[in-house]
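Contents: one structure, followed by commentary.
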Amino acid sequence: MAKKKIALITGVSGQDGSYLAHFLLQKNYKVIGSDRRSARNTQWRLDRLGIMDKLIYEELELGEIFEIQRLFKKYNFDEVYNLAAQSFVGSSFNSPLNTANITALGVLRFLECIRTISPKTKFYQASSSEMFGDVLEKIQNEKTPFNPQSPYAISKMFGHFATTNYRLSYNLFAVSGILFNHESPFRGEEFVTRKIIKGFINILKGKQKFIELGNIEAKRDWGYAKEYVEAMWKMLQNKSPKDYVISTGKTYSVKEFVNEVARYLNFKTKWIGKSSLNKKLIHTDTNKVLVKINKKFFRPAEVNFLKGDFSKARKELNWKPKTDFKKLVKIMVDEELKYSN
Ligand code: G4F
């Protein structure tokens, strides 16, 4: 019988980590999942997938290189998926140093451990479309220059280039997936898609009066996270180490996301107000406000538009997205309805 491959997933209890753990377990991997100590209460996703007792759980602070070294000495990893990060763009403006320490330097700590302890281990770095920032090309691919707009995106760029540099300098199998926004019922509630869905369902149940949002004109290329983790795995099975954009090639505004959720939940609505701060979504049956704008949710610098070209991944990895925007909203709303009390 072939030896089981051993994979480490950092940030295992997050959206991508839990889907990836599930995916690798189905592929018969031995999965070591790690999280920072304070992430203890976030294991609900692993529970919902029924895999908490199928993986080996390790606490790991990415700020401490000796903790990473300890894991490399304990396990012989075939693959490492570095998904852990301070991943909320908004918070990175309030905690830029912590963001840089974990999201940027955390990657370097891993690369150093691989270089010095386990150079055969393949390394996947979760890069982000946020690095394109104030976009310099209309559709972004692997060659589009980065133009980051937040401490988060700057940190992701550091991780991205550190990964490339170690690949070139030390011949490591180290790659970055430049993933565009990817959502699911497992999205954290601070991200706009889940916030909108949860908000509408709370309104339906009489638990919330209205939803407050920031820049609803921002456009994102939104895919389904469950499909994106397969692309991560495919990148590490590739013949040679290369970076790929993973996206849908379609873009929708936050406002369009709101409209689709409202439509799917049978709210009859209309937008009123002209200026960006005065816009309101009104329930046309009751005249009640469903969505209003609050300055507090605007960011000091914004990424207004993202649209990814995944043709390299389609051609070389045989990967393509299967879930469109409407279906994604449906999946998220249905599961939120199922689990909300
Ligand atoms: O859902 P978001 O917070 O995601 P964002 O900033 O695009 O980042 C996500 O995707 C990246 C990939 O491109 C990841 F790297 C990153 O880790 C994360 O997963 O915000 C989406 C858009 C933004 O333009 C934001 O300004 O929605 C806008 N927005 C408007 N009102 C809001 C809100 N975002 C949040 N979180 N909350 C609001 O009330």
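Scheme for the structure tokens: letters A, B, ... for chains in order shown; per-chain residue numbers from 1; ligand numbers from 1 in order shown.
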
Step by step, measure atom-to-atom distances between ligand 1 and each residue using only C-alpha atoms and all ligand atoms, keep those at most 7 Å, then write them as an MDAnalysis selection string. chainID A and resid 87:90 128:130 179:182 190:193 195 212:216 218:220 254 297:299 302:304

Keeping N, CA, C and O atoms for every residue in the selection just given, could you write it to a file as a tab-separated table (two decimals), in the first residue's frame?
```tsv
chain	number	residue	atom	x	y	z
A	87	SER	N	-6.42	37.94	7.95
A	87	SER	CA	-6.94	37.97	6.58
A	87	SER	C	-8.02	39.01	6.33
A	87	SER	O	-8.54	39.10	5.22
A	88	PHE	N	-8.37	39.80	7.34
A	88	PHE	CA	-9.41	40.81	7.13
A	88	PHE	C	-8.74	42.14	6.76
A	88	PHE	O	-8.02	42.74	7.56
A	89	VAL	N	-8.99	42.55	5.52
A	89	VAL	CA	-8.34	43.75	4.99
A	89	VAL	C	-8.62	44.97	5.88
A	89	VAL	O	-7.72	45.74	6.23
A	90	GLY	N	-9.89	45.13	6.29
A	90	GLY	CA	-10.27	46.27	7.12
A	90	GLY	C	-9.44	46.35	8.39
A	90	GLY	O	-8.92	47.43	8.75
A	128	SER	N	-3.03	36.75	-2.71
A	128	SER	CA	-4.38	37.31	-2.80
A	128	SER	C	-4.51	38.32	-3.93
A	128	SER	O	-3.58	39.09	-4.21
A	129	SER	N	-5.70	38.36	-4.51
A	129	SER	CA	-5.97	39.38	-5.54
A	129	SER	C	-5.92	40.80	-4.98
A	129	SER	O	-5.84	41.76	-5.73
A	130	GLU	N	-5.98	40.92	-3.64
A	130	GLU	CA	-5.85	42.25	-3.05
A	130	GLU	C	-4.52	42.90	-3.44
A	130	GLU	O	-4.37	44.12	-3.43
A	179	LEU	N	-5.48	33.97	-5.31
A	179	LEU	CA	-6.92	33.70	-5.29
A	179	LEU	C	-7.71	34.98	-5.19
A	179	LEU	O	-7.44	35.83	-4.33
A	180	PHE	N	-8.69	35.10	-6.06
A	180	PHE	CA	-9.64	36.21	-5.96
A	180	PHE	C	-10.66	35.84	-4.87
A	180	PHE	O	-10.67	34.71	-4.38
A	181	ASN	N	-11.52	36.81	-4.52
A	181	ASN	CA	-12.44	36.59	-3.40
A	181	ASN	C	-13.17	35.26	-3.57
A	181	ASN	O	-13.69	34.98	-4.65
A	182	HIS	N	-13.21	34.50	-2.51
A	182	HIS	CA	-13.93	33.23	-2.57
A	182	HIS	C	-14.73	33.09	-1.29
A	182	HIS	O	-14.23	33.27	-0.19
A	190	GLU	N	-17.40	38.87	9.38
A	190	GLU	CA	-16.92	40.23	9.15
A	190	GLU	C	-16.78	40.55	7.66
A	190	GLU	O	-16.67	41.71	7.28
A	191	PHE	N	-16.78	39.52	6.82
A	191	PHE	CA	-16.65	39.75	5.37
A	191	PHE	C	-18.02	40.10	4.79
A	191	PHE	O	-19.05	39.63	5.27
A	192	VAL	N	-18.00	40.89	3.72
A	192	VAL	CA	-19.24	41.55	3.32
A	192	VAL	C	-20.33	40.58	2.86
A	192	VAL	O	-21.52	40.80	3.16
A	193	THR	N	-19.96	39.49	2.18
A	193	THR	CA	-21.01	38.59	1.65
A	193	THR	C	-21.81	37.94	2.78
A	193	THR	O	-23.03	37.95	2.79
A	195	LYS	N	-21.90	38.93	5.88
A	195	LYS	CA	-22.55	39.98	6.68
A	195	LYS	C	-23.92	40.34	6.07
A	195	LYS	O	-24.91	40.49	6.78
A	212	GLU	N	-25.89	47.77	7.93
A	212	GLU	CA	-25.07	48.94	7.60
A	212	GLU	C	-23.84	48.49	6.84
A	212	GLU	O	-23.11	47.60	7.28
A	213	LEU	N	-23.60	49.13	5.70
A	213	LEU	CA	-22.46	48.78	4.87
A	213	LEU	C	-21.61	50.00	4.56
A	213	LEU	O	-22.03	51.14	4.79
A	214	GLY	N	-20.43	49.74	3.97
A	214	GLY	CA	-19.55	50.83	3.53
A	214	GLY	C	-19.69	51.06	2.03
A	214	GLY	O	-20.77	51.38	1.54
A	215	ASN	N	-18.61	50.84	1.30
A	215	ASN	CA	-18.59	51.13	-0.13
A	215	ASN	C	-19.28	50.02	-0.94
A	215	ASN	O	-18.68	48.99	-1.23
A	216	ILE	N	-20.53	50.28	-1.31
A	216	ILE	CA	-21.28	49.23	-2.02
A	216	ILE	C	-21.01	49.22	-3.52
A	216	ILE	O	-21.51	48.38	-4.25
A	218	ALA	N	-17.92	48.93	-4.71
A	218	ALA	CA	-16.73	48.10	-4.95
A	218	ALA	C	-17.13	46.83	-5.68
A	218	ALA	O	-18.16	46.22	-5.35
A	219	LYS	N	-16.32	46.45	-6.66
A	219	LYS	CA	-16.63	45.24	-7.44
A	219	LYS	C	-15.61	44.14	-7.15
A	219	LYS	O	-14.41	44.41	-7.07
A	220	ARG	N	-16.12	42.94	-7.02
A	220	ARG	CA	-15.26	41.80	-6.75
A	220	ARG	C	-15.59	40.64	-7.68
A	220	ARG	O	-16.71	40.49	-8.14
A	254	VAL	N	-20.78	45.08	-4.66
A	254	VAL	CA	-21.39	44.73	-3.38
A	254	VAL	C	-22.90	44.99	-3.47
A	254	VAL	O	-23.73	44.19	-2.99
A	297	PHE	N	-17.65	51.94	7.80
A	297	PHE	CA	-17.25	50.73	7.08
A	297	PHE	C	-16.45	51.01	5.81
A	297	PHE	O	-16.12	50.09	5.07
A	298	PHE	N	-16.18	52.30	5.55
A	298	PHE	CA	-15.29	52.62	4.43
A	298	PHE	C	-13.85	52.42	4.88
A	298	PHE	O	-13.53	52.64	6.05
A	299	ARG	N	-12.99	52.04	3.95
A	299	ARG	CA	-11.57	51.85	4.30
A	299	ARG	C	-10.78	53.09	3.92
A	299	ARG	O	-11.15	53.80	2.98
A	302	GLU	N	-9.21	52.03	-0.83
A	302	GLU	CA	-10.12	50.97	-1.28
A	302	GLU	C	-9.60	50.31	-2.56
A	302	GLU	O	-8.89	50.93	-3.36
A	303	VAL	N	-9.96	49.05	-2.71
A	303	VAL	CA	-9.77	48.35	-3.98
A	303	VAL	C	-11.13	48.37	-4.66
A	303	VAL	O	-12.08	47.77	-4.17
A	304	ASN	N	-11.24	49.10	-5.75
A	304	ASN	CA	-12.57	49.33	-6.33
A	304	ASN	C	-13.02	48.24	-7.30
A	304	ASN	O	-14.22	48.06	-7.49
```

Could you pull out the residues in region 189-313 of chain A that DSSP calls strand (DSSP E) from the backbone, as a PyMOL selection string? chain A and resi 211-213+219-220+223-224+244-246+252-253+269-272+280-283+289-293

Give one line per residue of region 99-207 of chain A that approaches region 65-76 of chain A to at most 7 Å, naming the two atoms of the closest pair and their distance in Å to one decimal, counting only C-alpha atoms; sort by chain then ascending residue number and deliver it as CSV.
```
residue,atom,partner,partner_atom,distance
A:Arg109,CA,A:Ile65,CA,5.7
A:Phe110,CA,A:Ile68,CA,7.0
A:Cys113,CA,A:Gln69,CA,6.1
```

Where does region 78-182 of chain A meet region 1-12 of chain A within 6 Å, residue by residue, with the nearest atom pair and distance in Å to one decimal for each, counting only C-alpha atoms, listed by chain and rising number, as a Markdown table?
```
| residue | atom | partner | partner_atom | distance |
| --- | --- | --- | --- | --- |
| A:Asp78 | CA | A:Ile6 | CA | 5.3 |
| A:Glu79 | CA | A:Ala7 | CA | 4.7 |
| A:Val80 | CA | A:Leu8 | CA | 4.7 |
| A:Tyr81 | CA | A:Ile9 | CA | 4.8 |
| A:Asn82 | CA | A:Thr10 | CA | 5.1 |
| A:Leu83 | CA | A:Thr10 | CA | 5.3 |
| A:Ala84 | CA | A:Gly11 | CA | 4.1 |
```

Selected residues, all heavy atoms, written as a PDB file, in the first residue's frame, please.
```pdb
ATOM      1  N   ASP A  78       5.037  16.234   3.449  1.00  0.00           N
ATOM      2  CA  ASP A  78       5.180  16.235   1.996  1.00  0.00           C
ATOM      3  C   ASP A  78       4.734  17.587   1.441  1.00  0.00           C
ATOM      4  O   ASP A  78       5.309  18.096   0.486  1.00  0.00           O
ATOM      5  CB  ASP A  78       4.309  15.132   1.372  1.00  0.00           C
ATOM      6  CG  ASP A  78       4.792  13.753   1.801  1.00  0.00           C
ATOM      7  OD1 ASP A  78       5.863  13.368   1.321  1.00  0.00           O
ATOM      8  OD2 ASP A  78       4.116  13.104   2.622  1.00  0.00           O
ATOM      9  N   GLU A  79       3.672  18.129   2.035  1.00  0.00           N
ATOM     10  CA  GLU A  79       3.106  19.385   1.530  1.00  0.00           C
ATOM     11  C   GLU A  79       2.724  20.294   2.695  1.00  0.00           C
ATOM     12  O   GLU A  79       2.203  19.813   3.704  1.00  0.00           O
ATOM     13  CB  GLU A  79       1.841  19.086   0.698  1.00  0.00           C
ATOM     14  CG  GLU A  79       2.142  18.243  -0.537  1.00  0.00           C
ATOM     15  CD  GLU A  79       0.882  17.739  -1.259  1.00  0.00           C
ATOM     16  OE1 GLU A  79      -0.243  18.158  -0.901  1.00  0.00           O
ATOM     17  OE2 GLU A  79       1.037  16.916  -2.179  1.00  0.00           O
ATOM     18  N   VAL A  80       2.988  21.577   2.520  1.00  0.00           N
ATOM     19  CA  VAL A  80       2.533  22.570   3.505  1.00  0.00           C
ATOM     20  C   VAL A  80       1.668  23.593   2.776  1.00  0.00           C
ATOM     21  O   VAL A  80       2.060  24.128   1.740  1.00  0.00           O
ATOM     22  CB  VAL A  80       3.726  23.292   4.176  1.00  0.00           C
ATOM     23  CG1 VAL A  80       3.248  24.504   4.975  1.00  0.00           C
ATOM     24  CG2 VAL A  80       4.503  22.338   5.069  1.00  0.00           C
ATOM     25  N   TYR A  81       0.470  23.834   3.307  1.00  0.00           N
ATOM     26  CA  TYR A  81      -0.436  24.843   2.756  1.00  0.00           C
ATOM     27  C   TYR A  81      -0.512  25.973   3.780  1.00  0.00           C
ATOM     28  O   TYR A  81      -1.109  25.800   4.851  1.00  0.00           O
ATOM     29  CB  TYR A  81      -1.824  24.252   2.531  1.00  0.00           C
ATOM     30  CG  TYR A  81      -1.837  23.140   1.495  1.00  0.00           C
ATOM     31  CD1 TYR A  81      -1.541  21.818   1.848  1.00  0.00           C
ATOM     32  CD2 TYR A  81      -2.148  23.416   0.163  1.00  0.00           C
ATOM     33  CE1 TYR A  81      -1.555  20.804   0.894  1.00  0.00           C
ATOM     34  CE2 TYR A  81      -2.160  22.397  -0.794  1.00  0.00           C
ATOM     35  CZ  TYR A  81      -1.864  21.107  -0.417  1.00  0.00           C
ATOM     36  OH  TYR A  81      -1.873  20.103  -1.364  1.00  0.00           O
ATOM     37  N   ASN A  82       0.085  27.102   3.449  1.00  0.00           N
ATOM     38  CA  ASN A  82       0.093  28.203   4.415  1.00  0.00           C
ATOM     39  C   ASN A  82      -1.096  29.126   4.188  1.00  0.00           C
ATOM     40  O   ASN A  82      -1.038  30.084   3.421  1.00  0.00           O
ATOM     41  CB  ASN A  82       1.398  28.986   4.329  1.00  0.00           C
ATOM     42  CG  ASN A  82       1.445  30.065   5.402  1.00  0.00           C
ATOM     43  OD1 ASN A  82       0.937  29.852   6.517  1.00  0.00           O
ATOM     44  ND2 ASN A  82       2.000  31.210   5.079  1.00  0.00           N
ATOM     45  N   LEU A  83      -2.184  28.827   4.876  1.00  0.00           N
ATOM     46  CA  LEU A  83      -3.415  29.611   4.718  1.00  0.00           C
ATOM     47  C   LEU A  83      -3.612  30.576   5.878  1.00  0.00           C
ATOM     48  O   LEU A  83      -4.484  31.440   5.826  1.00  0.00           O
ATOM     49  CB  LEU A  83      -4.627  28.667   4.635  1.00  0.00           C
ATOM     50  CG  LEU A  83      -4.515  27.492   3.663  1.00  0.00           C
ATOM     51  CD1 LEU A  83      -5.829  26.725   3.617  1.00  0.00           C
ATOM     52  CD2 LEU A  83      -4.140  27.969   2.263  1.00  0.00           C
ATOM     53  N   ALA A  84      -2.815  30.435   6.926  1.00  0.00           N
ATOM     54  CA  ALA A  84      -3.001  31.294   8.095  1.00  0.00           C
ATOM     55  C   ALA A  84      -2.588  32.712   7.768  1.00  0.00           C
ATOM     56  O   ALA A  84      -1.591  32.945   7.081  1.00  0.00           O
ATOM     57  CB  ALA A  84      -2.150  30.774   9.251  1.00  0.00           C
TER      58      ALA A  84
END
```

Write out as a PyMOL selection string all residues of region 95-177 of chain A that DSSP puts in helix (DSSP H, G or I) for this structure's backbone. chain A and resi 96-117+129-132+151-170

Go ahead and write the selection's residues with N, CA and C atoms as a short mmCIF file (atom, residue, chain, number, x, y, z; two decimals), in the first residue's frame.
```cif
data_model
loop_
_atom_site.label_atom_id
_atom_site.label_comp_id
_atom_site.auth_asym_id
_atom_site.auth_seq_id
_atom_site.Cartn_x
_atom_site.Cartn_y
_atom_site.Cartn_z
N PRO A 96 -1.49 47.14 11.57
CA PRO A 96 -0.57 46.88 10.45
C PRO A 96 0.65 46.07 10.87
N LEU A 97 1.14 46.28 12.09
CA LEU A 97 2.36 45.57 12.49
C LEU A 97 2.09 44.09 12.75
N ASN A 98 0.96 43.83 13.42
CA ASN A 98 0.59 42.43 13.63
C ASN A 98 0.32 41.75 12.29
N THR A 99 -0.34 42.47 11.39
CA THR A 99 -0.61 41.91 10.05
C THR A 99 0.71 41.56 9.36
N ALA A 100 1.67 42.48 9.42
CA ALA A 100 2.96 42.23 8.75
C ALA A 100 3.69 41.05 9.41
N ASN A 101 3.62 40.99 10.73
CA ASN A 101 4.34 39.92 11.43
C ASN A 101 3.81 38.53 11.05
N ILE A 102 2.50 38.41 10.95
CA ILE A 102 1.91 37.10 10.66
C ILE A 102 1.78 36.88 9.14
N THR A 103 1.17 37.84 8.47
CA THR A 103 0.83 37.63 7.05
C THR A 103 2.06 37.72 6.15
N ALA A 104 3.04 38.55 6.54
CA ALA A 104 4.27 38.66 5.72
C ALA A 104 5.38 37.79 6.29
N LEU A 105 5.83 38.10 7.53
CA LEU A 105 7.00 37.38 8.07
C LEU A 105 6.71 35.91 8.36
N GLY A 106 5.45 35.59 8.64
CA GLY A 106 5.07 34.19 8.87
C GLY A 106 5.47 33.32 7.69
N VAL A 107 5.33 33.85 6.49
CA VAL A 107 5.68 33.10 5.28
C VAL A 107 7.19 32.85 5.24
N LEU A 108 7.93 33.88 5.57
CA LEU A 108 9.40 33.76 5.55
C LEU A 108 9.88 32.73 6.58
N ARG A 109 9.23 32.72 7.73
CA ARG A 109 9.60 31.74 8.76
C ARG A 109 9.41 30.32 8.22
N PHE A 110 8.29 30.11 7.52
CA PHE A 110 8.06 28.78 6.92
C PHE A 110 9.12 28.45 5.88
N LEU A 111 9.39 29.41 5.02
CA LEU A 111 10.36 29.15 3.94
C LEU A 111 11.74 28.83 4.52
N GLU A 112 12.10 29.53 5.59
CA GLU A 112 13.39 29.25 6.23
C GLU A 112 13.41 27.84 6.82
N CYS A 113 12.31 27.43 7.44
CA CYS A 113 12.26 26.07 8.00
C CYS A 113 12.37 25.05 6.89
N ILE A 114 11.68 25.28 5.78
CA ILE A 114 11.75 24.31 4.67
C ILE A 114 13.17 24.27 4.12
N ARG A 115 13.75 25.43 3.91
CA ARG A 115 15.11 25.50 3.36
C ARG A 115 16.12 24.76 4.25
N THR A 116 16.00 24.95 5.56
CA THR A 116 17.04 24.42 6.45
C THR A 116 16.73 23.02 6.97
N ILE A 117 15.43 22.67 7.09
CA ILE A 117 15.11 21.37 7.71
C ILE A 117 14.56 20.36 6.70
N SER A 129 -5.70 38.36 -4.51
CA SER A 129 -5.97 39.38 -5.54
C SER A 129 -5.92 40.80 -4.98
N GLU A 130 -5.98 40.92 -3.64
CA GLU A 130 -5.85 42.25 -3.05
C GLU A 130 -4.52 42.90 -3.44
N MET A 131 -3.53 42.08 -3.80
CA MET A 131 -2.21 42.62 -4.18
C MET A 131 -2.33 43.48 -5.45
N PHE A 132 -3.34 43.21 -6.29
CA PHE A 132 -3.52 44.02 -7.51
C PHE A 132 -4.02 45.42 -7.16
N PRO A 151 -2.30 47.54 4.37
CA PRO A 151 -1.22 46.78 5.02
C PRO A 151 -1.36 45.28 4.77
N TYR A 152 -2.58 44.81 4.65
CA TYR A 152 -2.80 43.39 4.34
C TYR A 152 -2.20 43.06 2.98
N ALA A 153 -2.51 43.86 1.97
CA ALA A 153 -2.05 43.56 0.62
C ALA A 153 -0.52 43.69 0.52
N ILE A 154 0.04 44.65 1.23
CA ILE A 154 1.51 44.81 1.24
C ILE A 154 2.15 43.56 1.85
N SER A 155 1.53 43.07 2.93
CA SER A 155 2.07 41.87 3.59
C SER A 155 1.95 40.65 2.69
N LYS A 156 0.83 40.54 2.00
CA LYS A 156 0.66 39.41 1.08
C LYS A 156 1.69 39.48 -0.05
N MET A 157 2.00 40.69 -0.48
CA MET A 157 3.03 40.84 -1.53
C MET A 157 4.38 40.36 -1.06
N PHE A 158 4.69 40.69 0.19
CA PHE A 158 5.96 40.22 0.76
C PHE A 158 6.00 38.69 0.73
N GLY A 159 4.93 38.06 1.20
CA GLY A 159 4.86 36.60 1.22
C GLY A 159 4.98 36.02 -0.19
N HIS A 160 4.33 36.70 -1.13
CA HIS A 160 4.34 36.25 -2.52
C HIS A 160 5.77 36.28 -3.07
N PHE A 161 6.44 37.40 -2.90
CA PHE A 161 7.79 37.53 -3.48
C PHE A 161 8.81 36.70 -2.69
N ALA A 162 8.59 36.51 -1.40
CA ALA A 162 9.50 35.64 -0.63
C ALA A 162 9.40 34.22 -1.18
N THR A 163 8.18 33.80 -1.48
CA THR A 163 7.97 32.45 -2.03
C THR A 163 8.68 32.29 -3.37
N THR A 164 8.52 33.29 -4.25
CA THR A 164 9.20 33.25 -5.55
C THR A 164 10.72 33.22 -5.36
N ASN A 165 11.18 34.06 -4.46
CA ASN A 165 12.62 34.17 -4.24
C ASN A 165 13.23 32.86 -3.74
N TYR A 166 12.54 32.20 -2.81
CA TYR A 166 13.07 30.93 -2.29
C TYR A 166 13.00 29.84 -3.34
N ARG A 167 11.99 29.91 -4.18
CA ARG A 167 11.89 28.93 -5.28
C ARG A 167 13.10 29.08 -6.21
N LEU A 168 13.40 30.32 -6.55
CA LEU A 168 14.48 30.57 -7.50
C LEU A 168 15.85 30.38 -6.86
N SER A 169 16.01 30.85 -5.63
CA SER A 169 17.33 30.82 -4.99
C SER A 169 17.71 29.43 -4.52
N TYR A 170 16.74 28.67 -3.98
CA TYR A 170 17.07 27.40 -3.33
C TYR A 170 16.41 26.20 -4.00
#
```

Pick out the residues sitting within 10 Å of region 284-286 of chain A, and hand them over as a PyMOL selection string; count only C-alpha atoms, and ignore anything fewer than 3 positions along from it in its own chain. chain A and resi 267-271+281+289

All residues 9 Å or closer to region 225-240 of chain A, only C-alpha atoms, same chain fewer than 4 positions away omitted, as a CSV table (one decimal) with N, CA and C atoms, in the first residue's frame:
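Just written: part_28.csv:
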```
chain,number,residue,atom,x,y,z
A,15,GLN,N,-12.2,29.3,6.8
A,15,GLN,CA,-13.0,28.8,5.6
A,15,GLN,C,-12.2,27.9,4.7
A,16,ASP,N,-11.1,28.4,4.2
A,16,ASP,CA,-10.3,27.6,3.2
A,16,ASP,C,-9.7,26.4,3.9
A,17,GLY,N,-9.2,26.6,5.1
A,17,GLY,CA,-8.5,25.5,5.8
A,17,GLY,C,-9.4,24.3,6.0
A,19,TYR,N,-12.2,23.5,4.3
A,19,TYR,CA,-12.5,22.8,3.1
A,19,TYR,C,-11.3,22.0,2.5
A,20,LEU,N,-10.1,22.6,2.7
A,20,LEU,CA,-8.9,21.9,2.2
A,20,LEU,C,-8.7,20.6,3.0
A,23,PHE,N,-11.0,18.0,1.8
A,23,PHE,CA,-10.6,17.6,0.5
A,23,PHE,C,-9.4,16.6,0.6
A,24,LEU,N,-8.4,17.0,1.4
A,24,LEU,CA,-7.2,16.1,1.5
A,24,LEU,C,-7.4,14.8,2.2
A,79,GLU,N,3.7,18.1,2.0
A,79,GLU,CA,3.1,19.4,1.5
A,79,GLU,C,2.7,20.3,2.7
A,81,TYR,N,0.5,23.8,3.3
A,81,TYR,CA,-0.4,24.8,2.8
A,81,TYR,C,-0.5,26.0,3.8
A,122,LYS,N,6.9,20.4,-0.3
A,122,LYS,CA,6.3,21.4,-1.2
A,122,LYS,C,5.5,22.4,-0.4
A,123,PHE,N,5.6,23.7,-0.9
A,123,PHE,CA,5.0,24.8,-0.1
A,123,PHE,C,4.0,25.5,-1.0
A,124,TYR,N,2.8,25.7,-0.4
A,124,TYR,CA,1.7,26.5,-1.1
A,124,TYR,C,1.5,27.8,-0.3
A,125,GLN,N,1.7,28.9,-0.9
A,125,GLN,CA,1.4,30.2,-0.2
A,125,GLN,C,0.1,30.8,-0.7
A,126,ALA,N,-0.8,31.2,0.2
A,126,ALA,CA,-2.1,31.8,-0.1
A,126,ALA,C,-1.8,33.3,-0.4
A,173,PHE,N,10.2,23.6,-4.1
A,173,PHE,CA,8.9,23.6,-4.8
A,173,PHE,C,7.9,24.5,-4.0
A,174,ALA,N,8.0,25.8,-4.2
A,174,ALA,CA,7.3,26.7,-3.5
A,174,ALA,C,6.5,27.6,-4.5
A,175,VAL,N,5.1,27.6,-4.3
A,175,VAL,CA,4.3,28.3,-5.2
A,175,VAL,C,3.2,29.2,-4.5
A,176,SER,N,2.7,30.2,-5.3
A,176,SER,CA,1.6,31.0,-4.7
A,176,SER,C,0.4,30.9,-5.6
A,177,GLY,N,-0.7,30.8,-4.9
A,177,GLY,CA,-2.0,30.8,-5.7
A,177,GLY,C,-2.6,32.2,-5.4
A,179,LEU,N,-5.5,34.0,-5.3
A,179,LEU,CA,-6.9,33.7,-5.3
A,179,LEU,C,-7.7,35.0,-5.2
A,181,ASN,N,-11.5,36.8,-4.5
A,181,ASN,CA,-12.4,36.6,-3.4
A,181,ASN,C,-13.2,35.3,-3.6
A,182,HIS,N,-13.2,34.5,-2.5
A,182,HIS,CA,-13.9,33.2,-2.6
A,182,HIS,C,-14.7,33.1,-1.3
A,183,GLU,N,-16.0,32.8,-1.5
A,183,GLU,CA,-17.0,32.8,-0.4
A,183,GLU,C,-17.6,31.5,-0.2
A,184,SER,N,-18.4,31.4,0.8
A,184,SER,CA,-19.1,30.1,1.1
A,184,SER,C,-19.9,30.3,2.4
A,186,PHE,N,-19.1,29.1,5.0
A,186,PHE,CA,-18.0,29.2,6.0
A,186,PHE,C,-17.3,30.5,6.1
A,187,ARG,N,-17.7,31.5,5.3
A,187,ARG,CA,-17.0,32.8,5.4
A,187,ARG,C,-17.2,33.4,6.8
A,244,TYR,N,-0.4,30.7,-9.9
A,244,TYR,CA,-1.6,30.8,-10.8
A,244,TYR,C,-2.6,31.7,-10.2
A,246,ILE,N,-6.5,32.3,-9.6
A,246,ILE,CA,-7.7,31.5,-9.5
A,246,ILE,C,-8.9,32.4,-9.3
A,247,SER,N,-9.8,32.4,-10.2
A,247,SER,CA,-10.9,33.4,-10.2
A,247,SER,C,-12.1,32.9,-11.0
A,313,ALA,N,-4.6,28.7,-15.3
A,313,ALA,CA,-5.0,27.6,-14.5
A,313,ALA,C,-5.9,26.6,-15.3
A,316,GLU,N,-3.3,24.8,-17.8
A,316,GLU,CA,-2.2,24.0,-17.2
A,316,GLU,C,-2.6,23.1,-16.0
A,317,LEU,N,-3.7,23.5,-15.3
A,317,LEU,CA,-4.1,22.7,-14.2
A,317,LEU,C,-5.4,22.0,-14.4
A,318,ASN,N,-6.0,22.3,-15.6
A,318,ASN,CA,-7.3,21.8,-15.9
A,318,ASN,C,-8.3,22.1,-14.8
A,319,TRP,N,-8.2,23.4,-14.3
A,319,TRP,CA,-9.1,23.9,-13.3
A,319,TRP,C,-10.0,24.9,-13.8
A,320,LYS,N,-11.3,24.9,-13.5
A,320,LYS,CA,-12.2,26.0,-13.8
A,320,LYS,C,-13.3,26.1,-12.8
A,321,PRO,N,-13.8,27.3,-12.6
A,321,PRO,CA,-14.9,27.5,-11.6
A,321,PRO,C,-16.2,26.9,-12.1
A,322,LYS,N,-17.0,26.3,-11.2
A,322,LYS,CA,-18.3,25.7,-11.6
A,322,LYS,C,-19.5,26.4,-11.1
A,323,THR,N,-19.3,27.3,-10.1
A,323,THR,CA,-20.4,27.9,-9.4
A,323,THR,C,-20.5,29.3,-9.8
```

Contacts of region 45-61 of chain A at 8 Å (only C-alpha atoms; same-chain gap of 2+ positions) as a VMD selection string: chain A and resid 13 to 15 18 21 to 22 25 30 to 37 42 to 43 63 to 64 67 to 68 186

Straight-line distance linking CA of Leu277 (chain A) with CA of Leu328 (chain A), stated in Å to one decimal: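 CA of Leu277 (chain A) sits 27.8 Å away from CA of Leu328 (chain A).
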
A:Asn287, A:Met332, A:Ile139, A:Trp44: which is nearest Phe257 (chain A), counting only C-alpha atoms?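 The answer is A:Met332, which sits nearest to Phe257 (chain A).
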